[in-house]
Every structure is written in C-alpha cells, then in structure tokens.
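> First the structure, then my questions, so here it is.
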Amino acid sequence: MSQFANLMQARRPYLTDGGMETWLFFQQGFEAPEFAAIALIEDDEARSAMRRYFDGFLEMAEAVGTGFVLDTATWRGSPVWAAAIGQSEEGQIALNRRAADFARDIRADWAGRVPNIVLNAVIGPAGDGYAPGKVPTSDEALAIHRKQVAVLGECDVDMISAITMTNIGEAIGIARAASEAGLPVVISFTVETDGRLPTGDLLGEAIEQVDAATGGYPAYYMVNCAHPDHFRDAITGGKNWVTRIGGLRANASRMSHEELDNAEVLDDGDPEEFGKLHGELARMLPNLRVVGGCCGTDHRHVGHVCREVCGAGQNA
C-alpha cells in the first residue's frame with residue numbers, strides 16, 4: 001500500500017511540521033528573498049538547520065506511534081518566483097529537484113523509526129500568501145503551476161499540497177495540474193480574521209466550488225496560516241463541506257495577515273493554548289488526517305497539538 005493510501009486510511013491524525021519559514025528566518029537568523037526557503041536548499045548551514053528542524057518533529061511522531069507528512073521546501077518553488085529569488089527558470093526547477101531529494105533523504109533515514117512518512121510536495125501561491133493581488137483564472141493558474149507540479153511528480157513524491165491559497169481560481173488550477181500529473185492533491189486555504197478567504201469568499205463556498213469544478217478531485221482540504229480563532233466559527237456553522245477538511249496548520253498569532261506582514265518581531269502566541277484549541281477543533285472535524293503548524297509555530301506548539309490530538313498507545 002502506498003504512503004498516501006496509508007495516510008487516508010489511518011485511524012488517527014498524522015503529524016507534520018510547524019512554520020519552517022518563520023523558524024528559519026526569525027528564530028535561526030537565516031535570510032532569503034521573498035520568504036523563500038527553497039533559496040537556501042543548497043546552503044550547507046541552512047540545510048543542516050532544516051534537518052534538525054524536521055528531526056525534532058519526526059521524534060514526536062515516533063514517540064506517539066503516528067505517521068508524518070514530510071514537506072518539500074518548495075512553497076516558493078514555482079518558476080513565476082524564479083527572478084524574485086535570483087534564479088533562472090532552469091535554476092528554479094533544479095532547486096525543486098534538490099528540495100525533493102533532501103526530503104527523500106530525511107525519509108530514508110527515519111524509515112525504521114517512523115515507517116509511515118508521506119513525501120508531500122508543496123506548491124505555494126503565485127502571488128502574496130497574505131493578499132491575493134491579481135486573482136488568476138483557473139486556466140491561468142494551471143499554466144503557472146503546471147511545470148512545477150510535473151517536475152515534482154517526476155521526483156516520486158506521494159502527493160501535492162497547495163498551501164496558503166488565497167483564491168478559488170488558483171486552487172482549481174493546481175488541482176487540475178495535479179490531476180494531469182496523476183498525483184493526489186490537498187488544497188489548503190488561508191482565511192482572514194473573519195473566517196473568509198482574502199478574496200472575501202466564504203471558506204465553505206470555496207471548498208464546494210473547487211469540488212464542483214474538479215469533480216471532487218482534492219483528497220481533502222486544509223486550513224493554514226490563520227489562528228484557530230479566525231476560522232473556528234466558520235467550521236462550527238458549516239454543513240457538509242466540513243467533512244472535507246482533513247488538515248489544520250494554524251498560525252501561532254491572533255494577528256491579522258496585514259499585522260503579521262508589518263511585524264518586525266515574531267509573535268509565537270501561547271503554545272499550550274494552541275494545542276488545546278486544536279483539541280477542540282479536532283472534535284468538530286470527523287475526517288481530520290493531518291495536524292501541524294504554520295507561521296510563528298515551532299516544536300513547542302506542534303508538541304502540544306500532538307498531545308491533544310494524536311495521543312499515544314496505538315499504531316497509525
């Protein structure tokens with residue numbers, strides 16, 4: 001059985017990591033343009049830091065006997081970002097392959113201790129993850145993201161995840177690109193403090209529209225880059241679409257996206273409260289499959305989430 005099939009049939013949620021970019025740039029002192037961790041993938045010191053980072057989360061998964069979704073550092077890996085991070089398109093594609101190799105090496109080293117590790121290729125938005133800017137049509141998004149999805153598919157990843165999606169058209173385009181490549185896909189929307197996408201669309205409507213446009217192709221949906229308080233009411237008041245939410249990767253901070261964009265120091269919130277809020281959310285989401293963190297979160301936050309949601313004493 002494939003690692004993706006194991007994830008979809010697991011009896012309790014898998015873990016994933018926290019906010020790698022905020023950890024690298026705010027806590028570890030690395031620098032890269034456009035918040036692009038992929039720009040550091042060939043830097044020995046940064047790669048060693050990322051290895052320590054993922055090792056810490058994998059230790060948690062091992063301790064509770066659950067699986068792990070291991071992301072590639074490719075959130076800013078689309079060719080559309082190449083010039084902004086000082087790369088040619090060919091160089092950007094090469095970085096995607098290197099990032100997939102790096103994640104694969106980590107999985108190989110941990111396979112004996114955490115046997116269920118899903119290699120997850122991350123696709124980020126073509127625009128700012130905090131603001132939609134020019135919203136692409138689904139056809140435009142397909143053209144933008146098709147090459148990165150195809151290249152990562154050639155790297156034998158288990159699935160694709162579109163992270164921090166601000167709009168419906170781009171989510172549809174990436175889902176179509178994944179379908180073309182024959183890869184499972186997860187769509188993760190971000191929301192503002194009112195629980196709506198940055199475009200103003202309701203979370204439930206976004207999920208329903210992507211499903212309608214793609215024949216329900218996404219394996220599940222996720223919410224990321226927003227504090228639990230920002231989307232709890234939307235989930236509480238939701239209907240059938242709530243069963244399509246399979247992942248949570250929340251922010252540590254209650255700040256709005258605009259406030260976070262302008263912040264000069266990291267707001268890491270309250271890790272213990274963060275875990276308890278996820279315990280409450282997990283009881284609302286019958287098909288929750290993956291839990292982790294996003295901006296401002298680190299091993300402390302995900303550790304509390306793990307204790308509240310994953311528990312121990314049974315196999316994944």
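Within each chain, counting starts at residue 1; across the structure tokens, chains are named A, B, ... in the order shown, with ligands numbered 1 upward in that order.
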Please identify every residue of stretch 125-173 of chain A that has at least one atom no farther than 8 Å from an atom of stretch 182-186 of chain A, counting only C-alpha atoms, and for each give the shortest atom pair and the distance in Å to one decimal, arranged by chain then increasing number, as a Markdown table.

| residue | atom | partner | partner_atom | distance |
| --- | --- | --- | --- | --- |
| A:Gly153 | CA | A:Leu183 | CA | 7.1 |
| A:Asp158 | CA | A:Leu183 | CA | 7.3 |
| A:Met159 | CA | A:Pro184 | CA | 4.9 |
| A:Ile160 | CA | A:Val185 | CA | 4.7 |
| A:Ser161 | CA | A:Val186 | CA | 4.6 |
| A:Ala162 | CA | A:Val186 | CA | 6.2 |
> Identify, on the basis of only C-alpha atoms, every residue whose closest approach to stretch 135-137 of chain A does not exceed 8 Å; exclude the query and any residue fewer than 4 positions from it along the same chain; express the result as a PDB file with N, CA and C atoms, in the first residue's frame.

ATOM      1  N   ALA A 141      -3.968  29.807 -13.737  1.00  0.00           N
ATOM      2  CA  ALA A 141      -3.279  29.119 -12.639  1.00  0.00           C
ATOM      3  C   ALA A 141      -2.713  27.782 -13.101  1.00  0.00           C
ATOM      4  N   ASN A 167      -7.366  32.207  -3.075  1.00  0.00           N
ATOM      5  CA  ASN A 167      -8.473  32.387  -4.005  1.00  0.00           C
ATOM      6  C   ASN A 167      -8.868  31.058  -4.636  1.00  0.00           C
ATOM      7  N   GLY A 169      -9.847  30.333  -7.949  1.00  0.00           N
ATOM      8  CA  GLY A 169      -9.336  30.011  -9.271  1.00  0.00           C
ATOM      9  C   GLY A 169      -7.986  29.333  -9.233  1.00  0.00           C
ATOM     10  N   GLU A 170      -7.097  29.825  -8.383  1.00  0.00           N
ATOM     11  CA  GLU A 170      -5.765  29.221  -8.299  1.00  0.00           C
ATOM     12  C   GLU A 170      -5.841  27.813  -7.721  1.00  0.00           C
ATOM     13  N   GLY A 173      -6.905  25.546 -10.504  1.00  0.00           N
ATOM     14  CA  GLY A 173      -5.829  25.333 -11.464  1.00  0.00           C
ATOM     15  C   GLY A 173      -4.794  24.340 -10.967  1.00  0.00           C
TER      16      GLY A 173
END
> Sorted by chain and rising residue number, which residues of stretch 196-216 of chain A lie within 7 Å of stretch 236-246 of chain A, and what are their closest atom pairs and distances in Å to one decimal, counting only C-alpha atoms, as CSV?

residue,atom,partner,partner_atom,distance
A:Gly204,CA,A:Trp241,CA,6.0
A:Ile207,CA,A:Trp241,CA,6.8
A:Glu208,CA,A:Trp241,CA,6.8
> Using only C-alpha atoms, can you tell me which of A:Gln87, A:Trp23, A:Arg97, A:Asn251 comes closest to A:Ala150?
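Between A:Gln87, A:Trp23, A:Arg97, A:Asn251, the residue approaching A:Ala150 most closely is A:Arg97.
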> List every residue of stretch 222-282 of chain A that DSSP, applied to the backbone of this structure, assigns to strand (DSSP E), and report them as a count of residues only.
9
> Give me, as a PyMOL selection string, the residues of stretch 209-309 of chain A that a backbone DSSP run labels helix (DSSP H, G or I).
chain A and resi 209-214+228-236+240-244+257-262+271-282+299-309
> Determine, for each residue of stretch 118-195 of chain A having at least one atom at most 10 Å from an atom of stretch 68-85 of chain A, the closest pair of atoms and their separation in Å to one decimal, counting only C-alpha atoms; order by chain and ascending number, as a Markdown table.

| residue | atom | partner | partner_atom | distance |
| --- | --- | --- | --- | --- |
| A:Val118 | CA | A:Val69 | CA | 4.7 |
| A:Leu119 | CA | A:Leu70 | CA | 5.2 |
| A:Asn120 | CA | A:Asp71 | CA | 4.8 |
| A:Ala121 | CA | A:Thr72 | CA | 5.2 |
| A:Val122 | CA | A:Trp75 | CA | 5.4 |
| A:Ile123 | CA | A:Trp75 | CA | 5.0 |
| A:Gly124 | CA | A:Trp75 | CA | 4.4 |
| A:Pro125 | CA | A:Trp75 | CA | 7.8 |
| A:Ala126 | CA | A:Val80 | CA | 6.6 |
| A:Gly127 | CA | A:Trp81 | CA | 8.9 |
| A:Ile144 | CA | A:Val80 | CA | 7.0 |
| A:His145 | CA | A:Ser78 | CA | 6.5 |
| A:Arg146 | CA | A:Ser78 | CA | 9.1 |
| A:Lys147 | CA | A:Pro79 | CA | 7.9 |
| A:Gln148 | CA | A:Ser78 | CA | 5.7 |
| A:Val149 | CA | A:Ser78 | CA | 8.7 |
| A:Leu152 | CA | A:Thr74 | CA | 9.4 |
| A:Val157 | CA | A:Thr72 | CA | 9.2 |
| A:Asp158 | CA | A:Val69 | CA | 9.8 |
| A:Met159 | CA | A:Val69 | CA | 9.7 |
| A:Ile160 | CA | A:Asp71 | CA | 9.4 |
| A:Ser161 | CA | A:Asp71 | CA | 8.8 |
| A:Ala162 | CA | A:Trp75 | CA | 8.5 |
| A:Ile163 | CA | A:Trp75 | CA | 7.4 |
| A:Thr164 | CA | A:Trp75 | CA | 9.2 |
> Filtering to C-alpha atoms, could you give me those residues as an mmCIF file, in the first residue's frame?

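File written: part.cif
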data_model
loop_
_atom_site.group_PDB
_atom_site.id
_atom_site.type_symbol
_atom_site.label_atom_id
_atom_site.label_comp_id
_atom_site.auth_asym_id
_atom_site.auth_seq_id
_atom_site.Cartn_x
_atom_site.Cartn_y
_atom_site.Cartn_z
ATOM 1 C CA VAL A 118 4.344 10.756 3.268
ATOM 2 C CA LEU A 119 6.541 12.771 0.895
ATOM 3 C CA ASN A 120 4.457 15.886 0.285
ATOM 4 C CA ALA A 121 5.398 18.324 -2.484
ATOM 5 C CA VAL A 122 4.371 21.853 -1.522
ATOM 6 C CA ILE A 123 3.061 24.363 -4.066
ATOM 7 C CA GLY A 124 2.611 27.972 -2.979
ATOM 8 C CA PRO A 125 0.558 30.802 -4.444
ATOM 9 C CA ALA A 126 1.739 32.745 -7.462
ATOM 10 C CA GLY A 127 1.123 35.946 -5.521
ATOM 11 C CA ILE A 144 1.505 28.989 -13.949
ATOM 12 C CA HIS A 145 1.764 25.865 -11.807
ATOM 13 C CA ARG A 146 1.772 23.002 -14.315
ATOM 14 C CA LYS A 147 5.555 22.840 -14.732
ATOM 15 C CA GLN A 148 6.403 22.782 -11.017
ATOM 16 C CA VAL A 149 3.767 20.124 -10.334
ATOM 17 C CA LEU A 152 7.849 17.342 -8.516
ATOM 18 C CA VAL A 157 6.518 12.396 -4.337
ATOM 19 C CA ASP A 158 3.424 10.835 -2.764
ATOM 20 C CA MET A 159 1.148 13.871 -3.023
ATOM 21 C CA ILE A 160 0.904 17.581 -3.810
ATOM 22 C CA SER A 161 -0.330 20.209 -1.364
ATOM 23 C CA ALA A 162 -1.322 23.717 -2.463
ATOM 24 C CA ILE A 163 -0.575 25.755 0.649
ATOM 25 C CA THR A 164 -1.879 29.213 1.609
#
> Within 12 Å of stretch 252-260 of chain A, which residues of stretch 3-43 of chain A come that close, and what is the closest atom pair and distance in Å for each? Count only C-alpha atoms and give it as a Markdown table.

| residue | atom | partner | partner_atom | distance |
| --- | --- | --- | --- | --- |
| A:Gly18 | CA | A:Ala252 | CA | 9.6 |
| A:Gly19 | CA | A:Ala252 | CA | 9.1 |
| A:Thr22 | CA | A:Ala252 | CA | 10.8 |
| A:Trp23 | CA | A:Ala252 | CA | 11.9 |
> Would you kindly return, as an MDAnalysis selection string, each protein, DNA or RNA residue with an atom no farther than 8 Å from any atom of A:Cys306, considering only C-alpha atoms and excluding same-chain residues fewer than 5 positions away?
chainID A and resid 15 60 275 291 311
> Which residues are near A:Asn116? Cut-off 9 Å, only C-alpha atoms, ignore same chain within fewer than 6 positions. Put them as a VMD selection string.
chain A and resid 3 6 to 7 14 66 to 69 316
> Keeping only N, CA and C atoms, write those residues as a short mmCIF file (atom, residue, chain, number, x, y, z; two decimals), in the first residue's frame.

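out-v4.cif, freshly written:
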data_model
loop_
_atom_site.label_atom_id
_atom_site.label_comp_id
_atom_site.auth_asym_id
_atom_site.auth_seq_id
_atom_site.Cartn_x
_atom_site.Cartn_y
_atom_site.Cartn_z
N GLN A 3 2.20 5.18 0.60
CA GLN A 3 2.20 6.04 1.79
C GLN A 3 0.97 6.94 1.80
N ASN A 6 -1.90 4.89 3.03
CA ASN A 6 -1.78 4.72 4.49
C ASN A 6 -2.33 5.93 5.23
N LEU A 7 -1.99 7.12 4.73
CA LEU A 7 -2.49 8.36 5.35
C LEU A 7 -4.00 8.40 5.31
N TYR A 14 -1.99 12.10 11.34
CA TYR A 14 -0.53 12.19 11.20
C TYR A 14 -0.09 13.57 11.69
N THR A 66 2.63 7.63 15.45
CA THR A 66 1.80 8.03 14.32
C THR A 66 2.67 8.31 13.11
N GLY A 67 2.02 8.58 11.97
CA GLY A 67 2.76 8.87 10.75
C GLY A 67 3.11 10.34 10.66
N PHE A 68 3.80 10.68 9.56
CA PHE A 68 4.29 12.05 9.39
C PHE A 68 4.18 12.46 7.93
N VAL A 69 3.71 13.69 7.71
CA VAL A 69 3.68 14.27 6.37
C VAL A 69 4.89 15.19 6.24
N ALA A 316 -0.58 4.04 13.93
CA ALA A 316 -1.26 4.87 12.94
C ALA A 316 -1.89 4.00 11.87
#
> Atom CA of A:Met8 and atom CA of A:Ala219, how far apart in Å?
8.5 Å
> So, with only C-alpha atoms as the atoms that count, which of A:Ala250, A:Ala175, A:Ala212, A:Leu203 lies closest to A:Pro228?
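Of all the options, A:Ala250 lies closest to A:Pro228.
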> From the set A:Gly91, A:Gly293, A:Gly247, A:Gly279, which residue has the shortest atom-to-atom contact distance to A:His227, counting only C-alpha atoms?
A:Gly293
